[in-house]
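Engineer: Quick one: the structure is below, and I'll ask about it shortly.
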Amino acid sequence: LYQSDHQLQIRTQSNLGYSVDGVNGGEFLKLALQQAGESAPHKLILYRLEGSRAELDLESLAADCEIVTRELGQLGDLTSLLADNLHEKQLLNLLQGEYLRVDKTTLQWRRWLPAAVLALLFIGLSIGSSIQEYNQYDRQSKLLHAQIRETFQQAFPEVKRIVDPRAQMEQRLKSLQRGQSGSFAQFASLFVPSASVIKNSPNTTLQNISFRDGQLNLQLTIKELQALETLKKTIESKRLTVEIRSANAADNKVTSHLRITGGS
């Protein structure tokens, strides 16, 4: 038992008990002892502070129960007394789970964790987007390089070793302009009117172009032989000389090789 000025606290077991107001404490304890019957304790220990004004009628509680009164010098003595009777294995640790004690550094880190996750996610998306753009540009560059190579091969089929098609094409064009492989003006005078006719000819595809020694050689596919003859006459109407070097019909189309020179 512990008696203060306003309360009477009663411990029934190691970790069980209750508290009642000081005025009715004596009657409540007396009734509890009567209800306990044979299981009522034979000894009660009453702790109270020195100078406490509350009085408990000990003699009227239970005639056959020994009551020992002990005075406490200060309230801290009661705390020490309670601590001495605690059993650690029976205690409930409240400092766990959400209530676990954490230091300030951990608490601040948890506070900034969502922002850090978002920042990492943004950086990851940026890097992923950059990699995707790089791969796209790389594919476009390779495709453009292949197209340049194909165009160079069509324009200059006599060149067997292709290292840098763009640089080689620029060199060839400069050579044409300087007249080292024929006059560029002569090439233009043959190719421009011929290309205009081929462009306006239906179902006609230009496959290969070469120019050498003042002669323009074109390899193309056309729908039929009659259309090839019509194409020849149309180019000749541009004051050019056209020679059909070959004409092979297969798969509903005609593959032909034309040689074009200046008109006489």
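Labels for the structure tokens follow display order: chains A, B, ..., residues from 1 in each chain, ligands from 1.
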Skipping near chain neighbours, those fewer than 5 positions away, what residues fall within 12 Å of stretch 161-167 of chain A using only C-alpha atoms, listed as a JSON list (two decimals) with N, CA, C and O atoms, in the first residue's frame?
Structural biologist:
```json
[["chain", "number", "residue", "atom", "x", "y", "z"],
["A", 144, "LEU", "N", 22.38, 7.59, -92.15],
["A", 144, "LEU", "CA", 22.82, 8.63, -93.09],
["A", 144, "LEU", "C", 24.14, 8.23, -93.75],
["A", 144, "LEU", "O", 24.33, 8.43, -94.96],
["A", 145, "HIS", "N", 25.04, 7.66, -92.96],
["A", 145, "HIS", "CA", 26.32, 7.21, -93.52],
["A", 145, "HIS", "C", 26.11, 6.13, -94.57],
["A", 145, "HIS", "O", 26.77, 6.14, -95.63],
["A", 146, "ALA", "N", 25.17, 5.21, -94.30],
["A", 146, "ALA", "CA", 24.88, 4.15, -95.27],
["A", 146, "ALA", "C", 24.28, 4.73, -96.54],
["A", 146, "ALA", "O", 24.59, 4.28, -97.66],
["A", 147, "GLN", "N", 23.40, 5.74, -96.41],
["A", 147, "GLN", "CA", 22.81, 6.37, -97.58],
["A", 147, "GLN", "C", 23.86, 7.10, -98.41],
["A", 147, "GLN", "O", 23.83, 7.06, -99.65],
["A", 148, "ILE", "N", 24.79, 7.78, -97.74],
["A", 148, "ILE", "CA", 25.87, 8.47, -98.46],
["A", 148, "ILE", "C", 26.73, 7.46, -99.21],
["A", 148, "ILE", "O", 27.11, 7.67, -100.38],
["A", 149, "ARG", "N", 27.01, 6.35, -98.56],
["A", 149, "ARG", "CA", 27.83, 5.30, -99.20],
["A", 149, "ARG", "C", 27.11, 4.73, -100.43],
["A", 149, "ARG", "O", 27.73, 4.52, -101.48],
["A", 150, "GLU", "N", 25.80, 4.49, -100.27],
["A", 150, "GLU", "CA", 25.03, 3.94, -101.39],
["A", 150, "GLU", "C", 24.98, 4.93, -102.55],
["A", 150, "GLU", "O", 25.14, 4.55, -103.72],
["A", 151, "THR", "N", 24.77, 6.21, -102.24],
["A", 151, "THR", "CA", 24.74, 7.23, -103.30],
["A", 151, "THR", "C", 26.08, 7.34, -104.00],
["A", 151, "THR", "O", 26.15, 7.47, -105.23],
["A", 152, "PHE", "N", 27.16, 7.25, -103.23],
["A", 152, "PHE", "CA", 28.50, 7.32, -103.83],
["A", 152, "PHE", "C", 28.74, 6.13, -104.76],
["A", 152, "PHE", "O", 29.30, 6.29, -105.86],
["A", 153, "GLN", "N", 28.31, 4.94, -104.33],
["A", 153, "GLN", "CA", 28.49, 3.76, -105.17],
["A", 153, "GLN", "C", 27.69, 3.86, -106.46],
["A", 153, "GLN", "O", 28.13, 3.40, -107.52],
["A", 154, "GLN", "N", 26.50, 4.46, -106.37],
["A", 154, "GLN", "CA", 25.69, 4.62, -107.58],
["A", 154, "GLN", "C", 26.31, 5.64, -108.53],
["A", 154, "GLN", "O", 26.29, 5.47, -109.75],
["A", 155, "ALA", "N", 26.87, 6.71, -107.97],
["A", 155, "ALA", "CA", 27.44, 7.76, -108.81],
["A", 155, "ALA", "C", 28.80, 7.37, -109.38],
["A", 155, "ALA", "O", 29.14, 7.74, -110.51],
["A", 156, "PHE", "N", 29.58, 6.60, -108.61],
["A", 156, "PHE", "CA", 30.92, 6.23, -109.04],
["A", 156, "PHE", "C", 31.14, 4.73, -108.84],
["A", 156, "PHE", "O", 31.83, 4.30, -107.91],
["A", 172, "ARG", "N", 35.69, 13.78, -105.67],
["A", 172, "ARG", "CA", 35.30, 13.49, -107.05],
["A", 172, "ARG", "C", 34.60, 14.69, -107.69],
["A", 172, "ARG", "O", 34.84, 15.01, -108.87],
["A", 173, "LEU", "N", 33.73, 15.34, -106.93],
["A", 173, "LEU", "CA", 33.03, 16.50, -107.48],
["A", 173, "LEU", "C", 34.01, 17.63, -107.78],
["A", 173, "LEU", "O", 33.86, 18.34, -108.79],
["A", 174, "LYS", "N", 34.98, 17.81, -106.90],
["A", 174, "LYS", "CA", 35.99, 18.83, -107.17],
["A", 174, "LYS", "C", 36.80, 18.48, -108.41],
["A", 174, "LYS", "O", 37.16, 19.36, -109.21]]
```
Engineer: Can you list, as a list in words, every residue of stretch 150-218 of chain A that DSSP puts in strand (DSSP E)?
Structural biologist: Thr205, Leu206, Gln207, Asn208, Ile209, Ser210, Phe211, Arg212, Gln215, Leu216, Asn217 and Leu218 of chain A
Engineer: Residues as selected, N, CA, C and O atoms, written as a PDB file, in the first residue's frame, can you do that?
Structural biologist:
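Resulting contents of result.pdb:
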```pdb
ATOM      1  N   THR A 205      12.511   4.073-112.549  1.00  0.00           N
ATOM      2  CA  THR A 205      13.384   4.280-111.390  1.00  0.00           C
ATOM      3  C   THR A 205      14.832   4.276-111.845  1.00  0.00           C
ATOM      4  O   THR A 205      15.278   3.340-112.526  1.00  0.00           O
ATOM      5  N   LEU A 206      15.558   5.320-111.477  1.00  0.00           N
ATOM      6  CA  LEU A 206      16.976   5.421-111.811  1.00  0.00           C
ATOM      7  C   LEU A 206      17.778   4.609-110.801  1.00  0.00           C
ATOM      8  O   LEU A 206      17.698   4.833-109.600  1.00  0.00           O
ATOM      9  N   GLN A 207      18.578   3.646-111.275  1.00  0.00           N
ATOM     10  CA  GLN A 207      19.313   2.744-110.406  1.00  0.00           C
ATOM     11  C   GLN A 207      20.779   3.129-110.245  1.00  0.00           C
ATOM     12  O   GLN A 207      21.348   2.977-109.174  1.00  0.00           O
ATOM     13  N   ASN A 208      21.400   3.641-111.310  1.00  0.00           N
ATOM     14  CA  ASN A 208      22.838   3.896-111.251  1.00  0.00           C
ATOM     15  C   ASN A 208      23.200   5.019-112.219  1.00  0.00           C
ATOM     16  O   ASN A 208      22.559   5.188-113.263  1.00  0.00           O
ATOM     17  N   ILE A 209      24.241   5.796-111.844  1.00  0.00           N
ATOM     18  CA  ILE A 209      24.710   6.913-112.666  1.00  0.00           C
ATOM     19  C   ILE A 209      26.230   6.853-112.716  1.00  0.00           C
ATOM     20  O   ILE A 209      26.881   6.645-111.687  1.00  0.00           O
ATOM     21  N   SER A 210      26.784   7.056-113.878  1.00  0.00           N
ATOM     22  CA  SER A 210      28.240   7.190-114.005  1.00  0.00           C
ATOM     23  C   SER A 210      28.542   8.120-115.182  1.00  0.00           C
ATOM     24  O   SER A 210      27.788   8.178-116.161  1.00  0.00           O
ATOM     25  N   PHE A 211      29.634   8.850-115.064  1.00  0.00           N
ATOM     26  CA  PHE A 211      30.038   9.793-116.116  1.00  0.00           C
ATOM     27  C   PHE A 211      31.534   9.649-116.325  1.00  0.00           C
ATOM     28  O   PHE A 211      32.319   9.773-115.379  1.00  0.00           O
ATOM     29  N   ARG A 212      31.895   9.396-117.562  1.00  0.00           N
ATOM     30  CA  ARG A 212      33.322   9.219-117.860  1.00  0.00           C
ATOM     31  C   ARG A 212      33.563   9.483-119.340  1.00  0.00           C
ATOM     32  O   ARG A 212      32.793   9.036-120.193  1.00  0.00           O
ATOM     33  N   GLN A 215      30.775  10.763-121.476  1.00  0.00           N
ATOM     34  CA  GLN A 215      29.616   9.891-121.673  1.00  0.00           C
ATOM     35  C   GLN A 215      28.896   9.689-120.335  1.00  0.00           C
ATOM     36  O   GLN A 215      29.515   9.385-119.314  1.00  0.00           O
ATOM     37  N   LEU A 216      27.576   9.856-120.376  1.00  0.00           N
ATOM     38  CA  LEU A 216      26.741   9.654-119.193  1.00  0.00           C
ATOM     39  C   LEU A 216      26.051   8.300-119.314  1.00  0.00           C
ATOM     40  O   LEU A 216      25.308   8.060-120.267  1.00  0.00           O
ATOM     41  N   ASN A 217      26.315   7.419-118.355  1.00  0.00           N
ATOM     42  CA  ASN A 217      25.721   6.086-118.357  1.00  0.00           C
ATOM     43  C   ASN A 217      24.672   6.004-117.252  1.00  0.00           C
ATOM     44  O   ASN A 217      24.960   6.279-116.080  1.00  0.00           O
ATOM     45  N   LEU A 218      23.465   5.612-117.659  1.00  0.00           N
ATOM     46  CA  LEU A 218      22.357   5.492-116.718  1.00  0.00           C
ATOM     47  C   LEU A 218      21.843   4.062-116.729  1.00  0.00           C
ATOM     48  O   LEU A 218      21.632   3.483-117.801  1.00  0.00           O
TER      49      LEU A 218
END
```
Engineer: Please indicate the distance in Å from atom CA of A:Gln13 to atom CA of A:Glu27, rounded to one decimal place.
Structural biologist: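 Going from atom CA of A:Gln13 over to atom CA of A:Glu27, I get 20.2 Å.
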Engineer: With distances taken over only C-alpha atoms, which of A:Lys233, A:Val68, A:Pro193, A:Ala249 is nearest to A:Leu220?
Structural biologist: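 The shortest atom-to-atom distance to A:Leu220 comes from A:Ala249.
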Engineer: List the spatial neighbours of stretch 250-254 of chain A as a PDB file with N, CA, C and O atoms, in the first residue's frame - criterion: any atom at most 9 Å away, only C-alpha atoms, same-chain residues fewer than 5 positions off excluded.
Structural biologist:
```pdb
ATOM      1  N   LEU A 220      18.563   1.975-115.350  1.00  0.00           N
ATOM      2  CA  LEU A 220      17.237   2.253-114.809  1.00  0.00           C
ATOM      3  C   LEU A 220      16.309   1.075-115.051  1.00  0.00           C
ATOM      4  O   LEU A 220      16.612   0.166-115.832  1.00  0.00           O
ATOM      5  N   THR A 221      15.173   1.112-114.352  1.00  0.00           N
ATOM      6  CA  THR A 221      14.114   0.125-114.574  1.00  0.00           C
ATOM      7  C   THR A 221      12.879   0.869-115.049  1.00  0.00           C
ATOM      8  O   THR A 221      12.570   1.966-114.562  1.00  0.00           O
ATOM      9  N   ILE A 222      12.164   0.255-116.005  1.00  0.00           N
ATOM     10  CA  ILE A 222      10.983   0.871-116.595  1.00  0.00           C
ATOM     11  C   ILE A 222       9.939  -0.206-116.826  1.00  0.00           C
ATOM     12  O   ILE A 222      10.254  -1.409-116.815  1.00  0.00           O
ATOM     13  N   LYS A 223       8.704   0.191-117.036  1.00  0.00           N
ATOM     14  CA  LYS A 223       7.609  -0.773-117.070  1.00  0.00           C
ATOM     15  C   LYS A 223       7.707  -1.729-118.252  1.00  0.00           C
ATOM     16  O   LYS A 223       7.551  -2.940-118.099  1.00  0.00           O
ATOM     17  N   GLU A 224       7.977  -1.204-119.466  1.00  0.00           N
ATOM     18  CA  GLU A 224       7.961  -2.058-120.656  1.00  0.00           C
ATOM     19  C   GLU A 224       8.889  -1.480-121.719  1.00  0.00           C
ATOM     20  O   GLU A 224       9.360  -0.339-121.618  1.00  0.00           O
ATOM     21  N   LEU A 225       9.142  -2.289-122.758  1.00  0.00           N
ATOM     22  CA  LEU A 225      10.057  -1.873-123.817  1.00  0.00           C
ATOM     23  C   LEU A 225       9.527  -0.674-124.585  1.00  0.00           C
ATOM     24  O   LEU A 225      10.299   0.205-124.998  1.00  0.00           O
ATOM     25  N   LEU A 228      10.346   2.312-122.763  1.00  0.00           N
ATOM     26  CA  LEU A 228      11.777   2.607-122.872  1.00  0.00           C
ATOM     27  C   LEU A 228      12.073   3.344-124.175  1.00  0.00           C
ATOM     28  O   LEU A 228      12.858   4.301-124.200  1.00  0.00           O
TER      29      LEU A 228
END
```
Engineer: Residues near A:Leu258, anyone? I mean within 8 Å using only C-alpha atoms, not counting same-chain ones fewer than 4 positions away, as a ChimeraX atom specification.
Structural biologist: /A:217-219,242-246
Engineer: What is the distance, in Å and to one decimal place, between atom CA of A:Leu113 and atom CA of A:Gly128?
Structural biologist: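 Atom-to-atom, atom CA of A:Leu113 and atom CA of A:Gly128 are spaced 22.2 Å apart.
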Engineer: Please indicate the distance in Å from atom CA of A:Ser256 to atom CA of A:Ser189, rounded to one decimal place.
Structural biologist: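 Taking atom CA of A:Ser256 as the start and atom CA of A:Ser189 as the end point, the length is 21.4 Å.
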